[in-house]
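Undergrad: Structure file query_34.cif (mmCIF, C-alpha atoms and all ligand atoms) right here:
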data_structure
#
loop_
_atom_site.label_atom_id
_atom_site.label_comp_id
_atom_site.auth_asym_id
_atom_site.auth_seq_id
_atom_site.Cartn_x
_atom_site.Cartn_y
_atom_site.Cartn_z
CA MET X 272 26.19 -2.22 7.53
CA LYS X 273 26.18 -3.28 11.19
CA PRO X 274 26.67 -6.93 12.23
CA PHE X 275 23.45 -8.87 12.84
CA VAL X 276 22.32 -12.39 13.62
CA TYR X 277 20.43 -14.21 10.84
CA GLU X 278 17.94 -16.95 11.63
CA ARG X 279 15.51 -18.73 9.33
CA ALA X 280 12.15 -19.37 10.99
CA THR X 281 10.93 -22.94 10.56
CA SER X 282 7.42 -22.33 11.89
CA PRO X 283 5.14 -19.39 12.76
CA ASP X 284 5.61 -20.14 16.47
CA ALA X 285 9.38 -20.07 16.11
CA ALA X 286 9.18 -16.78 14.18
CA LEU X 287 6.99 -15.16 16.82
CA ALA X 288 9.21 -16.39 19.67
CA ALA X 289 12.40 -15.16 17.95
CA ARG X 290 10.83 -11.74 17.36
CA ALA X 291 10.73 -11.21 21.15
CA ARG X 292 14.56 -10.93 21.18
CA PRO X 293 16.00 -7.39 21.52
CA GLY X 294 16.48 -5.61 18.20
CA ALA X 295 14.78 -8.42 16.24
CA THR X 296 12.80 -7.87 13.07
CA PHE X 297 11.21 -10.01 10.37
CA ILE X 298 12.63 -10.15 6.87
CA SER X 299 10.68 -11.53 3.94
CA GLY X 300 11.81 -10.70 0.38
CA GLY X 301 14.24 -8.14 1.80
CA THR X 302 13.72 -5.75 -1.12
CA ASN X 303 12.98 -2.82 1.17
CA LEU X 304 14.53 -3.83 4.48
CA LEU X 305 18.00 -4.49 3.05
CA ASP X 306 18.03 -1.08 1.32
CA LEU X 307 17.14 0.56 4.61
CA MET X 308 19.88 -1.37 6.41
CA LYS X 309 22.43 -0.31 3.81
CA ALA X 310 21.35 3.33 4.25
CA GLY X 311 21.69 3.01 8.03
CA VAL X 312 18.00 3.79 8.55
CA GLU X 313 17.25 0.34 10.00
CA ARG X 314 19.78 -1.33 12.30
CA PRO X 315 18.28 -4.66 13.40
CA ARG X 316 20.44 -6.86 15.59
CA HIS X 317 18.55 -10.02 14.71
CA LEU X 318 16.92 -10.87 11.38
CA ILE X 319 14.22 -13.53 11.40
CA ASP X 320 13.75 -14.78 7.86
CA ILE X 321 10.07 -15.67 7.40
CA SER X 322 10.27 -16.24 3.65
CA ARG X 323 10.12 -20.05 4.00
CA LEU X 324 6.94 -20.11 6.09
CA PRO X 325 4.36 -22.12 4.10
CA TRP X 326 2.08 -19.15 3.58
CA ARG X 327 1.89 -18.86 -0.19
CA GLU X 328 -1.66 -20.06 -0.69
CA ILE X 329 -4.19 -18.13 -2.78
CA VAL X 330 -7.49 -19.89 -2.14
CA PRO X 331 -11.21 -19.12 -2.00
CA SER X 332 -12.14 -18.17 1.56
CA ASP X 333 -15.04 -19.58 3.60
CA GLU X 334 -16.77 -16.20 3.16
CA GLY X 335 -16.76 -16.41 -0.66
CA GLY X 336 -13.78 -14.10 -1.08
CA LEU X 337 -10.07 -14.82 -1.41
CA PHE X 338 -7.48 -15.79 1.20
CA ILE X 339 -3.93 -14.71 0.27
CA GLY X 340 -1.00 -16.02 2.31
CA SER X 341 1.40 -13.27 3.32
CA GLN X 342 4.43 -14.95 1.70
CA THR X 343 2.83 -14.91 -1.73
CA ALA X 344 5.16 -13.08 -4.11
CA ASN X 345 3.75 -9.97 -5.81
CA SER X 346 4.22 -11.63 -9.23
CA GLU X 347 2.37 -14.81 -8.16
CA LEU X 348 -0.51 -12.75 -6.83
CA ALA X 349 -0.73 -10.55 -9.93
CA GLY X 350 -0.84 -13.58 -12.22
CA HIS X 351 -3.18 -15.82 -10.26
CA PRO X 352 -6.28 -16.73 -12.31
CA LEU X 353 -8.71 -15.95 -9.47
CA VAL X 354 -7.16 -12.52 -8.97
CA ARG X 355 -7.14 -11.73 -12.67
CA GLU X 356 -10.73 -12.84 -13.06
CA ARG X 357 -12.35 -11.44 -9.91
CA TYR X 358 -10.03 -8.65 -8.72
CA PRO X 359 -8.30 -7.32 -11.87
CA LEU X 360 -7.71 -4.02 -10.06
CA LEU X 361 -5.28 -5.80 -7.74
CA SER X 362 -3.46 -7.44 -10.60
CA GLN X 363 -3.13 -4.11 -12.45
CA ALA X 364 -1.80 -2.37 -9.32
CA LEU X 365 0.80 -5.05 -8.65
CA LEU X 366 2.02 -5.10 -12.25
CA SER X 367 2.42 -1.31 -12.17
CA GLY X 368 4.91 -1.58 -9.29
CA ALA X 369 8.68 -2.10 -9.24
CA SER X 370 10.21 -4.49 -11.83
CA ALA X 371 9.65 -8.14 -12.70
CA GLN X 372 12.66 -9.23 -10.62
CA LEU X 373 11.53 -7.23 -7.60
CA ARG X 374 7.97 -8.52 -7.88
CA ASN X 375 9.32 -12.09 -7.81
CA LYS X 376 10.97 -11.42 -4.43
CA ALA X 377 8.55 -8.93 -2.88
CA SER X 378 5.99 -10.55 -0.59
CA THR X 379 2.41 -9.55 0.18
CA GLY X 380 3.18 -8.84 3.85
CA GLY X 381 6.36 -6.93 3.06
CA ASN X 382 4.64 -4.82 0.43
CA LEU X 383 2.08 -3.65 2.99
CA LEU X 384 4.84 -2.71 5.43
CA GLN X 385 7.33 -1.12 3.04
CA ARG X 386 8.46 2.30 4.21
CA THR X 387 8.05 5.67 2.56
CA ARG X 388 10.32 6.71 -0.31
CA CYS X 389 10.66 10.30 0.97
CA PRO X 390 14.33 11.11 0.25
CA TYR X 391 14.78 12.73 3.66
CA PHE X 392 13.75 9.52 5.38
CA TYR X 393 16.58 7.69 3.58
CA ASP X 394 19.22 10.36 4.24
CA THR X 395 20.34 9.99 7.85
CA HIS X 396 22.03 13.41 7.75
CA MET X 397 18.68 15.16 7.23
CA ALA X 398 15.85 15.92 9.67
CA CYS X 399 13.03 13.39 9.53
CA ASN X 400 10.43 12.93 12.27
CA LYS X 401 9.49 9.53 10.88
CA ARG X 402 13.05 8.19 11.18
CA ASP X 403 14.15 10.26 14.17
CA PRO X 404 11.15 11.63 16.14
CA GLY X 405 11.57 15.27 17.17
CA SER X 406 14.24 16.05 14.55
CA GLY X 407 11.90 17.97 12.21
CA CYS X 408 10.78 17.53 8.60
CA ALA X 409 13.27 18.59 5.94
CA ALA X 410 10.74 17.84 3.20
CA LEU X 411 8.44 20.70 4.28
CA ALA X 412 10.75 23.32 2.75
CA GLY X 413 12.82 20.91 0.70
CA HIS X 414 12.48 18.73 -2.36
CA ASN X 415 8.84 17.70 -1.97
CA ARG X 416 7.67 16.92 -5.47
CA MET X 417 6.49 13.44 -4.42
CA SER X 418 5.03 14.49 -1.04
CA ALA X 419 1.52 14.32 0.37
CA ILE X 420 -1.33 16.64 -0.55
CA LEU X 421 -3.89 15.05 1.78
CA GLY X 422 -3.82 14.12 5.48
CA ALA X 423 -0.31 15.50 6.05
CA SER X 424 0.83 17.41 9.13
CA GLU X 425 3.53 19.91 10.04
CA ALA X 426 5.51 16.94 11.35
CA CYS X 427 5.51 14.86 8.15
CA ILE X 428 4.45 15.07 4.51
CA ALA X 429 5.68 11.65 3.37
CA VAL X 430 3.46 9.35 1.30
CA HIS X 431 2.94 5.61 1.47
CA PRO X 432 4.50 4.05 -1.63
CA SER X 433 2.58 0.79 -2.08
CA ASP X 434 0.43 0.34 -5.18
CA MET X 435 -0.96 -2.96 -3.90
CA ALA X 436 -2.25 -1.32 -0.71
CA VAL X 437 -4.24 1.24 -2.74
CA ALA X 438 -5.99 -1.52 -4.68
CA LEU X 439 -6.63 -3.49 -1.49
CA THR X 440 -8.16 -0.37 0.06
CA ALA X 441 -10.62 0.05 -2.81
CA LEU X 442 -11.43 -3.66 -2.50
CA ASP X 443 -12.08 -3.49 1.28
CA ALA X 444 -9.43 -6.05 2.17
CA GLU X 445 -8.70 -7.20 5.70
CA ILE X 446 -5.24 -7.89 7.09
CA GLU X 447 -5.00 -10.99 9.25
CA VAL X 448 -2.25 -10.82 11.86
CA LEU X 449 -0.86 -13.18 14.51
CA SER X 450 0.18 -11.71 17.83
CA SER X 451 3.22 -12.80 19.84
CA THR X 452 0.93 -15.15 21.79
CA GLY X 453 -0.31 -16.72 18.55
CA VAL X 454 -3.75 -15.10 18.71
CA ALA X 455 -5.14 -14.10 15.28
CA ARG X 456 -7.03 -10.87 14.60
CA ARG X 457 -8.22 -9.08 11.49
CA ILE X 458 -7.75 -5.38 10.75
CA PRO X 459 -9.75 -3.73 7.93
CA ILE X 460 -7.21 -2.11 5.64
CA GLY X 461 -9.01 1.22 6.06
CA ASP X 462 -7.96 1.14 9.74
CA PHE X 463 -4.52 -0.36 9.19
CA TYR X 464 -2.45 2.73 8.32
CA GLU X 465 -2.08 5.80 10.53
CA LEU X 466 -1.94 9.42 9.39
CA PRO X 467 1.18 11.24 10.64
CA GLY X 468 -0.29 13.80 13.07
CA THR X 469 2.43 14.47 15.65
CA THR X 470 3.67 10.87 15.61
CA PRO X 471 4.69 10.04 12.03
CA HIS X 472 6.94 7.21 13.24
CA ILE X 473 3.78 5.26 14.15
CA GLU X 474 2.67 4.05 10.74
CA THR X 475 0.25 1.17 11.30
CA ARG X 476 -2.02 -0.36 13.92
CA LEU X 477 0.25 -3.41 14.14
CA GLN X 478 1.44 -4.05 17.66
CA SER X 479 5.04 -4.92 18.44
CA GLY X 480 5.95 -8.44 17.33
CA GLU X 481 2.81 -9.04 15.27
CA LEU X 482 3.20 -11.05 12.09
CA ILE X 483 1.04 -10.58 9.00
CA ARG X 484 -0.44 -13.98 8.21
CA ALA X 485 -2.69 -13.18 5.25
CA VAL X 486 -4.81 -10.72 3.33
CA ARG X 487 -8.51 -11.46 2.94
CA LEU X 488 -10.60 -10.09 0.09
CA PRO X 489 -14.39 -9.98 0.29
CA ALA X 490 -16.59 -11.80 -2.21
CA GLY X 491 -16.22 -10.71 -5.83
CA GLY X 492 -18.93 -9.36 -8.13
CA LEU X 493 -17.51 -5.94 -7.45
CA GLY X 494 -18.15 -4.37 -10.85
CA ARG X 495 -15.84 -2.67 -13.31
CA GLN X 496 -12.35 -2.12 -11.93
CA ARG X 497 -9.37 0.00 -12.95
CA TYR X 498 -6.00 0.99 -11.49
CA ARG X 499 -4.35 3.97 -13.15
CA LYS X 500 -0.88 5.10 -12.05
CA VAL X 501 0.75 8.35 -13.13
CA ARG X 502 4.52 8.50 -12.70
CA ASP X 503 7.65 10.08 -14.11
CA ARG X 504 8.61 7.02 -16.19
CA ALA X 505 6.43 4.45 -17.88
CA SER X 506 7.73 1.73 -15.54
CA TYR X 507 9.95 1.16 -12.53
CA ALA X 508 8.83 4.33 -10.75
CA PHE X 509 6.68 5.12 -7.74
CA ALA X 510 3.34 6.87 -8.21
CA LEU X 511 2.96 10.60 -8.34
CA VAL X 512 -0.75 9.90 -8.22
CA ALA X 513 -2.63 6.62 -8.52
CA VAL X 514 -6.36 5.94 -8.69
CA ALA X 515 -8.07 2.65 -7.84
CA ALA X 516 -11.70 2.74 -8.90
CA VAL X 517 -14.59 0.28 -8.90
CA LEU X 518 -17.99 1.13 -10.38
CA GLU X 519 -21.14 -0.96 -10.54
CA ILE X 520 -23.43 0.45 -13.22
CA GLN X 521 -26.93 -0.87 -13.86
CA ASP X 522 -29.56 0.58 -16.19
CA GLY X 523 -27.30 3.55 -16.85
CA ILE X 524 -27.01 4.51 -13.16
CA ILE X 525 -24.04 4.10 -10.82
CA GLN X 526 -25.15 1.72 -8.08
CA THR X 527 -21.95 1.54 -6.05
CA ALA X 528 -18.60 3.31 -6.29
CA ARG X 529 -15.27 2.76 -4.60
CA LEU X 530 -12.41 5.18 -5.00
CA ALA X 531 -8.94 5.11 -3.43
CA LEU X 532 -5.96 7.31 -4.23
CA GLY X 533 -2.26 6.48 -3.99
CA GLY X 534 0.78 8.76 -3.88
CA VAL X 535 -1.16 11.50 -2.12
CA ALA X 536 -1.07 10.67 1.60
CA ALA X 537 0.65 8.62 4.28
CA ARG X 538 -1.94 5.95 3.66
CA PRO X 539 -4.04 4.85 0.70
CA TRP X 540 -6.70 7.57 0.56
CA ARG X 541 -10.25 6.23 0.34
CA SER X 542 -12.74 8.97 -0.39
CA ALA X 543 -16.23 8.31 0.97
CA VAL X 544 -17.45 11.75 -0.15
CA ALA X 545 -16.39 11.13 -3.72
CA GLU X 546 -18.10 7.73 -3.66
CA SER X 547 -21.34 9.29 -2.36
CA ALA X 548 -21.16 11.91 -5.09
CA LEU X 549 -21.16 9.15 -7.71
CA VAL X 550 -23.88 6.85 -6.44
CA GLY X 551 -27.26 7.42 -8.11
CA GLN X 552 -25.69 9.47 -10.93
CA ARG X 553 -25.42 8.75 -14.63
CA PRO X 554 -21.78 7.92 -15.50
CA ARG X 555 -21.08 11.27 -17.16
CA ALA X 556 -18.33 13.89 -17.04
CA ALA X 557 -20.24 16.18 -14.65
CA ALA X 558 -20.59 13.42 -12.04
CA PHE X 559 -16.94 12.43 -12.39
CA GLU X 560 -15.77 16.03 -11.99
CA ALA X 561 -17.96 16.49 -8.92
CA ALA X 562 -16.50 13.30 -7.43
CA ALA X 563 -12.93 14.41 -8.18
CA ASN X 564 -13.55 17.81 -6.57
CA ALA X 565 -15.00 16.10 -3.51
CA ALA X 566 -12.02 13.73 -3.25
CA LEU X 567 -9.56 16.64 -3.39
CA GLU X 568 -11.39 18.90 -0.96
CA GLY X 569 -8.90 20.07 1.64
CA ALA X 570 -5.90 19.07 -0.49
CA ARG X 571 -2.84 21.22 0.14
CA GLY X 572 0.47 21.36 -1.67
CA HIS X 573 3.91 22.40 -0.46
CA HIS X 574 5.12 24.33 -3.56
CA GLY X 575 7.06 21.49 -5.15
CA ASN X 576 4.01 19.24 -5.27
CA ASP X 577 1.21 21.79 -5.87
CA PHE X 578 0.76 20.28 -9.33
CA LYS X 579 -0.37 16.97 -7.81
CA ILE X 580 -3.75 18.42 -6.81
CA GLU X 581 -4.76 19.08 -10.40
CA LEU X 582 -3.04 15.90 -11.54
CA ALA X 583 -5.07 13.86 -9.04
CA ARG X 584 -8.29 15.58 -10.10
CA ARG X 585 -7.69 14.81 -13.77
CA THR X 586 -6.55 11.24 -13.07
CA ILE X 587 -9.76 10.52 -11.18
CA VAL X 588 -11.92 11.87 -14.03
CA ARG X 589 -9.90 9.95 -16.62
CA THR X 590 -10.10 6.68 -14.69
CA LEU X 591 -13.84 6.94 -14.10
CA THR X 592 -14.40 7.86 -17.76
CA GLU X 593 -12.47 4.76 -18.84
CA LEU X 594 -14.58 2.61 -16.53
CA ALA X 595 -17.82 4.09 -17.83
CA ASP X 596 -16.72 3.39 -21.41
CA SER X 597 -15.63 -0.17 -20.65
CA THR X 598 -17.90 -3.15 -21.17
CA GLY X 599 -17.23 -4.94 -17.88
CA GLY X 600 -19.60 -5.24 -14.89
C1 LIG R 701 13.74 -0.07 -7.12
C2 LIG R 701 12.42 -0.37 -6.46
C3 LIG R 701 11.25 0.05 -7.04
C4 LIG R 701 10.02 -0.22 -6.44
N1 LIG R 701 8.86 0.24 -7.01
C5 LIG R 701 7.67 0.00 -6.40
C6 LIG R 701 6.45 0.51 -6.92
O1 LIG R 701 6.42 1.16 -7.97
N2 LIG R 701 5.29 0.23 -6.25
C7 LIG R 701 5.29 -0.49 -5.09
O2 LIG R 701 4.20 -0.71 -4.51
N3 LIG R 701 6.43 -0.95 -4.54
C8 LIG R 701 7.61 -0.72 -5.17
N4 LIG R 701 8.77 -1.17 -4.61
C9 LIG R 701 8.73 -1.73 -3.27
C10 LIG R 701 8.57 -3.22 -3.22
O3 LIG R 701 7.25 -3.53 -3.66
C11 LIG R 701 8.75 -3.58 -1.74
O4 LIG R 701 10.11 -3.43 -1.43
C12 LIG R 701 8.32 -5.00 -1.43
O5 LIG R 701 6.95 -5.18 -1.70
C13 LIG R 701 8.57 -5.34 0.02
O6 LIG R 701 8.34 -6.72 0.20
P1 LIG R 701 9.48 -7.63 0.83
O7 LIG R 701 8.90 -8.99 1.01
O8 LIG R 701 10.75 -7.56 0.06
O9 LIG R 701 9.65 -6.91 2.24
P2 LIG R 701 10.94 -6.81 3.20
O10 LIG R 701 11.91 -5.83 2.66
O11 LIG R 701 11.43 -8.19 3.54
O12 LIG R 701 10.22 -6.23 4.51
C14 LIG R 701 9.65 -4.95 4.54
C15 LIG R 701 9.13 -4.70 5.96
O13 LIG R 701 8.01 -5.56 6.22
C16 LIG R 701 8.24 -6.35 7.38
N5 LIG R 701 7.58 -7.63 7.08
C17 LIG R 701 7.70 -8.33 5.93
N6 LIG R 701 6.84 -9.36 5.93
C18 LIG R 701 6.15 -9.30 7.11
C19 LIG R 701 5.12 -10.08 7.70
N7 LIG R 701 4.56 -11.12 7.06
N8 LIG R 701 4.67 -9.74 8.93
C20 LIG R 701 5.20 -8.68 9.59
N9 LIG R 701 6.19 -7.91 9.10
C21 LIG R 701 6.65 -8.21 7.86
C22 LIG R 701 9.74 -6.41 7.55
O14 LIG R 701 10.10 -6.60 8.91
C23 LIG R 701 10.14 -5.03 7.05
O15 LIG R 701 9.99 -4.08 8.07
C24 LIG R 701 10.00 -0.94 -5.21
C25 LIG R 701 11.19 -1.38 -4.62
C26 LIG R 701 12.39 -1.10 -5.23
C27 LIG R 701 13.66 -1.58 -4.56
#
Please, can you express the file's structure as structure tokens?
Ligand SMILES: Cc1cc2nc3c(=O)[nH]c(=O)nc-3n(C[C@H](O)[C@H](O)[C@H](O)COP(=O)(O)OP(=O)(O)OC[C@H]3O[C@@H](n4cnc5c(N)ncnc54)[C@H](O)[C@@H]3O)c2cc1C

TA:
Amino acid sequence: MKPFVYERATSPDAALAARARPGATFISGGTNLLDLMKAGVERPRHLIDISRLPWREIVPSDEGGLFIGSQTANSELAGHPLVRERYPLLSQALLSGASAQLRNKASTGGNLLQRTRCPYFYDTHMACNKRDPGSGCAALAGHNRMSAILGASEACIAVHPSDMAVALTALDAEIEVLSSTGVARRIPIGDFYELPGTTPHIETRLQSGELIRAVRLPAGGLGRQRYRKVRDRASYAFALVAVAAVLEIQDGIIQTARLALGGVAARPWRSAVAESALVGQRPRAAAFEAAANAALEGARGHHGNDFKIELARRTIVRTLTELADSTGG
């Protein structure tokens, strides 16, 4: 590990001012950043610890939704009564991630900004356009079992690893950020993450020095919710495929549908075509299969991960079937 300066921010203004220093970066729970520093992928010269900023509130928002401070630990968020009652999808997604110890340290802001788990990104001896632009993508012809099947490019086939972000995408969350001048703005999560294209090192719409202040969820009453994660082990593993689904069913007809996939692309993959295929239908197998086919249209594997296309299709159908059979909503 390289030497670095450590500074604990005592206020948001102090954090934003310190971030302007050369080679500075924020650290929150450190559960991803420290691993990347140990691997030599990240080499910050100045760490600004934001974990003591008083941003752990989970409170009803003025708009009838929920305001979640960015320092809230993943475990706190998963267990909060308002989240469990109104946004159980989010709670399920969080509890499916990492381990209890990690969830106690991992923050809401840090979870959104965690980096891909593509093994070539972590191995500094291998080509990776995300880590080292212009060096190539070793995953294309390499070990790509976990890689993307949607929205990938010839430059990068890495996936975003966050479970929480997939649930937040299905719930239409907004990310509230503070700029270096202290100005606040909100970014809908659907616009927050970038697809790789020719610039896979640009991962989000955050501008340099911006600090995530909070996540905002819209008003509840969202219907039946389910997060299903398929992975190699029953716990403590990243998703091969994950499905976040919300259905509102009235009088035997699907009124609204929200569907987001995890483990398949560089960002949580919301499928508007699949949602349209569901609305107005009876919650039956034929409608679920049509929606799954629509969601996977254009999906492409890279040999090692070809199986994920069928896995995603079946996971969507299974999740929607479970929702239709449930009593909620
Ligand atoms: C063994 C292991 C298994 C895991 N399994 C899963 C899993 O199954 N599912 C899953 O979703 N995650 C999983 N994780 C990832 C874990 O959820 C993340 O490491 C964690 O959420 C990151 O939060 P943090 O606060 O520790 O971030 P940090 O490591 O402190 O920071 C991560 C990045 O975010 C930036 N950052 C942090 N907070 C802010 C902020 N407020 N504003 C601006 N920038 C900020 C930092 O500068 C850094 O670049 C796993 C991690 C490990 C180590």

Undergrad: Distance table requested - chain X against ligand LIG 701 (chain R), cut-off 7 Å, all atoms listed in the file: one row per qualifying residue with the closest atom pair and its distance in Å to one decimal, ordered by chain and rising residue number, as a Markdown table.

TA:
| residue | atom | partner | partner_atom | distance |
| --- | --- | --- | --- | --- |
| X:Thr296 | CA | R:LIG701 | O14 | 5.1 |
| X:Phe297 | CA | R:LIG701 | O14 | 3.9 |
| X:Ile298 | CA | R:LIG701 | O11 | 4.0 |
| X:Ser299 | CA | R:LIG701 | O11 | 3.4 |
| X:Gly300 | CA | R:LIG701 | O8 | 3.3 |
| X:Gly301 | CA | R:LIG701 | O11 | 3.3 |
| X:Thr302 | CA | R:LIG701 | O8 | 3.7 |
| X:Asn303 | CA | R:LIG701 | O10 | 3.5 |
| X:Leu304 | CA | R:LIG701 | O10 | 3.8 |
| X:Leu305 | CA | R:LIG701 | O10 | 6.2 |
| X:Ser341 | CA | R:LIG701 | N7 | 5.3 |
| X:Gln342 | CA | R:LIG701 | N7 | 6.6 |
| X:Leu365 | CA | R:LIG701 | O2 | 6.9 |
| X:Ser367 | CA | R:LIG701 | O1 | 6.3 |
| X:Gly368 | CA | R:LIG701 | O1 | 3.4 |
| X:Ala369 | CA | R:LIG701 | N1 | 3.2 |
| X:Ser370 | CA | R:LIG701 | C3 | 6.7 |
| X:Leu373 | CA | R:LIG701 | C25 | 6.6 |
| X:Arg374 | CA | R:LIG701 | O3 | 6.6 |
| X:Lys376 | CA | R:LIG701 | O8 | 5.9 |
| X:Ala377 | CA | R:LIG701 | O6 | 3.8 |
| X:Ser378 | CA | R:LIG701 | O7 | 3.7 |
| X:Thr379 | CA | R:LIG701 | O7 | 6.6 |
| X:Gly380 | CA | R:LIG701 | N7 | 4.2 |
| X:Gly381 | CA | R:LIG701 | O9 | 3.4 |
| X:Asn382 | CA | R:LIG701 | O5 | 3.2 |
| X:Leu383 | CA | R:LIG701 | O5 | 6.9 |
| X:Leu384 | CA | R:LIG701 | O13 | 4.3 |
| X:Gln385 | CA | R:LIG701 | C14 | 4.7 |
| X:Pro432 | CA | R:LIG701 | O2 | 5.6 |
| X:Ser433 | CA | R:LIG701 | O2 | 3.3 |
| X:Asp434 | CA | R:LIG701 | O2 | 4.0 |
| X:Met435 | CA | R:LIG701 | O2 | 5.7 |
| X:Glu481 | CA | R:LIG701 | C20 | 6.2 |
| X:Leu482 | CA | R:LIG701 | N8 | 3.7 |
| X:Ile483 | CA | R:LIG701 | N8 | 3.7 |
| X:Arg484 | CA | R:LIG701 | N7 | 5.9 |
| X:Tyr507 | CA | R:LIG701 | N1 | 5.7 |
| X:Ala508 | CA | R:LIG701 | O1 | 4.9 |
| X:Phe509 | CA | R:LIG701 | O1 | 4.0 |
| X:Ala510 | CA | R:LIG701 | O1 | 6.5 |

Undergrad: Ranking X:Leu324, X:Ala398, X:Leu477, X:Leu493 by minimum distance to Thr281 (chain X) and counting all atoms listed in the file, which one comes first?

TA: X:Leu324

Undergrad: Quick check, in Å to one decimal: how far apart do CA of Arg584 (chain X) and CA of Leu532 (chain X) lie?

TA: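 Interatomic distance, CA of Arg584 (chain X) to CA of Leu532 (chain X): 10.4 Å.
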
Undergrad: Go through X:Ala349, X:Ile473, X:Ala485, X:Val448 one by one, measure the shortest atom-to-atom distance of each to Pro325 (chain X) using only C-alpha atoms, and give the residue with the smallest value.

TA: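 Residue with the minimum atom-to-atom distance to Pro325 (chain X): X:Ala485.
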
Undergrad: Could you check which residues have any atom within 9 Å of (1.1, 18.5, -6.2), counting only C-alpha atoms with coordinates taken straight from the file, and then list them as an MDAnalysis selection string?

TA: chainID X and resid 415:420 511 535 571:583

Undergrad: Using all atoms listed in the file, which residues sit within 12 Å of Val486 (chain X) once same-chain residues fewer than 6 positions away are excluded, as a ChimeraX atom specification?

TA: /X:326-332,336-343,348,378-383,435-436,439-440,442-448,456-460,463

Undergrad: How many Å lie between CA of Thr527 (chain X) and CA of Val354 (chain X), rounded to one decimal?

TA: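 If I compute the distance from CA of Thr527 (chain X) to CA of Val354 (chain X), I get 20.6 Å.
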
Undergrad: Show me, as lines of an AutoDock Vina configuration file, the centre and edge lengths in Å to one decimal of the axis-aligned box that covers every listed atom of region 441-448 of chain X with 8 Å on each side.

TA:
center_x = -7.2
center_y = -5.5
center_z = 4.5
size_x = 25.8
size_y = 27.0
size_z = 30.7

Undergrad: Quote the spacing between CA of Val437 (chain X) and CA of Gln372 (chain X) in Å to one decimal place.

TA: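 Separation of CA of Val437 (chain X) and CA of Gln372 (chain X): 21.4 Å.
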
Undergrad: Point out the residue among X:Ala344, X:Leu591, X:Arg538, X:Asp333 with the least atom-to-atom distance to Glu560 (chain X), counting all atoms listed in the file.

TA: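 Closest to Glu560 (chain X), using all atoms listed in the file: X:Leu591.
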
Undergrad: Can you work out which one of X:Pro359, X:Gly422, X:Gly453, X:Pro390 has the shortest atom-to-atom distance to Tyr498 (chain X), counting all atoms listed in the file?

TA: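 Comparing X:Pro359, X:Gly422, X:Gly453, X:Pro390 against Tyr498 (chain X), the winner is X:Pro359.
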